[in-house]
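J.: This is the structure I have questions about; it appears just below.
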Amino acid sequence: MPQGKCAFCGTFVTSGGIAMGKHSVACAACAPLANKWLEKNAEPVAVAVGKASAG
């Protein structure tokens, strides 16, 4: 559960926040701004390549 100071408005977030990376959070009121920011600046998620063997 992300907690801390909102990266956009400075409100302290205790619940219902959106994680924006490793150490940043956005409050529910700033969610549209956070989503726009994440679309442009989010790091790509690591995806495993290849076939996993079961044995």
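Residue numbering restarts at 1 for every chain of the structure tokens, chains are lettered A, B, ... in their displayed order, and ligands are numbered from 1 as they appear.
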Write out as a list in words which residues come within 10 Å of A:Ala31 when counting only C-alpha atoms, dropping same-chain ones fewer than 3 positions away.
T.: Phe8, Gly16, Gly17, Ile18, Val25, Ala26, Cys27, Ala28, Ala34, Asn35, Lys36 and Trp37 of chain A
J.: Go ahead and save the picked residues with all heavy atoms, as an mmCIF file, in the first residue's frame.
T.:
data_model
loop_
_atom_site.group_PDB
_atom_site.id
_atom_site.type_symbol
_atom_site.label_atom_id
_atom_site.label_comp_id
_atom_site.auth_asym_id
_atom_site.auth_seq_id
_atom_site.Cartn_x
_atom_site.Cartn_y
_atom_site.Cartn_z
ATOM 1 N N PHE A 8 2.274 15.409 -6.527
ATOM 2 C CA PHE A 8 1.680 16.516 -7.263
ATOM 3 C C PHE A 8 1.178 17.646 -6.368
ATOM 4 O O PHE A 8 1.456 18.806 -6.628
ATOM 5 C CB PHE A 8 0.529 16.006 -8.144
ATOM 6 C CG PHE A 8 0.998 15.064 -9.213
ATOM 7 C CD1 PHE A 8 0.868 13.701 -9.040
ATOM 8 C CD2 PHE A 8 1.589 15.528 -10.365
ATOM 9 C CE1 PHE A 8 1.307 12.824 -10.015
ATOM 10 C CE2 PHE A 8 2.030 14.664 -11.344
ATOM 11 C CZ PHE A 8 1.891 13.302 -11.166
ATOM 12 N N GLY A 16 -5.315 4.459 -0.464
ATOM 13 C CA GLY A 16 -5.924 4.798 -1.741
ATOM 14 C C GLY A 16 -5.005 5.530 -2.695
ATOM 15 O O GLY A 16 -5.453 6.113 -3.663
ATOM 16 N N GLY A 17 -3.707 5.501 -2.437
ATOM 17 C CA GLY A 17 -2.761 6.179 -3.308
ATOM 18 C C GLY A 17 -2.331 5.322 -4.476
ATOM 19 O O GLY A 17 -2.577 4.123 -4.521
ATOM 20 N N ILE A 18 -1.682 5.952 -5.445
ATOM 21 C CA ILE A 18 -1.166 5.273 -6.624
ATOM 22 C C ILE A 18 0.357 5.304 -6.553
ATOM 23 O O ILE A 18 0.947 6.378 -6.439
ATOM 24 C CB ILE A 18 -1.645 5.976 -7.905
ATOM 25 C CG1 ILE A 18 -3.165 5.912 -8.002
ATOM 26 C CG2 ILE A 18 -0.996 5.364 -9.133
ATOM 27 C CD1 ILE A 18 -3.725 6.719 -9.139
ATOM 28 N N VAL A 25 4.436 8.572 -4.659
ATOM 29 C CA VAL A 25 3.028 8.212 -4.557
ATOM 30 C C VAL A 25 2.192 9.412 -4.982
ATOM 31 O O VAL A 25 2.641 10.554 -4.910
ATOM 32 C CB VAL A 25 2.686 7.772 -3.107
ATOM 33 C CG1 VAL A 25 2.839 8.901 -2.129
ATOM 34 C CG2 VAL A 25 1.313 7.177 -3.018
ATOM 35 N N ALA A 26 0.986 9.131 -5.465
ATOM 36 C CA ALA A 26 0.034 10.187 -5.812
ATOM 37 C C ALA A 26 -1.269 9.909 -5.077
ATOM 38 O O ALA A 26 -1.657 8.757 -4.898
ATOM 39 C CB ALA A 26 -0.207 10.222 -7.313
ATOM 40 N N CYS A 27 -1.960 10.965 -4.643
ATOM 41 C CA CYS A 27 -3.231 10.800 -3.926
ATOM 42 C C CYS A 27 -4.340 10.483 -4.931
ATOM 43 O O CYS A 27 -4.167 10.609 -6.151
ATOM 44 C CB CYS A 27 -3.559 12.053 -3.129
ATOM 45 S SG CYS A 27 -3.934 13.504 -4.128
ATOM 46 N N ALA A 28 -5.502 10.101 -4.431
ATOM 47 C CA ALA A 28 -6.631 9.745 -5.292
ATOM 48 C C ALA A 28 -7.100 10.941 -6.115
ATOM 49 O O ALA A 28 -7.530 10.782 -7.261
ATOM 50 C CB ALA A 28 -7.771 9.195 -4.439
ATOM 51 N N ALA A 34 -1.360 11.417 -12.328
ATOM 52 C CA ALA A 34 -0.429 10.316 -12.124
ATOM 53 C C ALA A 34 -0.480 9.337 -13.293
ATOM 54 O O ALA A 34 0.560 8.872 -13.766
ATOM 55 C CB ALA A 34 -0.740 9.595 -10.824
ATOM 56 N N ASN A 35 -1.676 9.035 -13.780
ATOM 57 C CA ASN A 35 -1.799 8.114 -14.900
ATOM 58 C C ASN A 35 -1.152 8.676 -16.156
ATOM 59 O O ASN A 35 -0.482 7.955 -16.894
ATOM 60 C CB ASN A 35 -3.268 7.768 -15.154
ATOM 61 C CG ASN A 35 -3.815 6.851 -14.088
ATOM 62 O OD1 ASN A 35 -3.096 6.027 -13.539
ATOM 63 N ND2 ASN A 35 -5.086 6.990 -13.786
ATOM 64 N N LYS A 36 -1.325 9.975 -16.422
ATOM 65 C CA LYS A 36 -0.670 10.596 -17.573
ATOM 66 C C LYS A 36 0.842 10.529 -17.432
ATOM 67 O O LYS A 36 1.559 10.236 -18.380
ATOM 68 C CB LYS A 36 -1.091 12.064 -17.711
ATOM 69 C CG LYS A 36 -2.423 12.255 -18.355
ATOM 70 C CD LYS A 36 -2.672 13.731 -18.566
ATOM 71 C CE LYS A 36 -4.003 13.975 -19.206
ATOM 72 N NZ LYS A 36 -4.243 15.398 -19.420
ATOM 73 N N TRP A 37 1.337 10.816 -16.226
ATOM 74 C CA TRP A 37 2.771 10.786 -15.985
ATOM 75 C C TRP A 37 3.319 9.378 -16.187
ATOM 76 O O TRP A 37 4.368 9.190 -16.796
ATOM 77 C CB TRP A 37 3.075 11.279 -14.574
ATOM 78 C CG TRP A 37 4.534 11.428 -14.319
ATOM 79 C CD1 TRP A 37 5.296 12.531 -14.529
ATOM 80 C CD2 TRP A 37 5.422 10.413 -13.819
ATOM 81 N NE1 TRP A 37 6.602 12.274 -14.185
ATOM 82 C CE2 TRP A 37 6.704 10.982 -13.746
ATOM 83 C CE3 TRP A 37 5.246 9.101 -13.426
ATOM 84 C CZ2 TRP A 37 7.812 10.268 -13.302
ATOM 85 C CZ3 TRP A 37 6.346 8.392 -12.987
ATOM 86 C CH2 TRP A 37 7.608 8.973 -12.923
#
J.: Can you tell me which residues surround A:Thr14 at a distance of at most 10 Å, considering only C-alpha atoms, apart from same-chain residues fewer than 6 positions away, and format the answer as a VMD selection string?
T.: chain A and resid 1 to 5 27
J.: Please measure the separation of atom CA of A:Lys40 and atom CA of A:Cys9, giving the value in Å to one decimal.
T.: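 Taking atom CA of A:Lys40 and atom CA of A:Cys9, their separation equals 19.3 Å.
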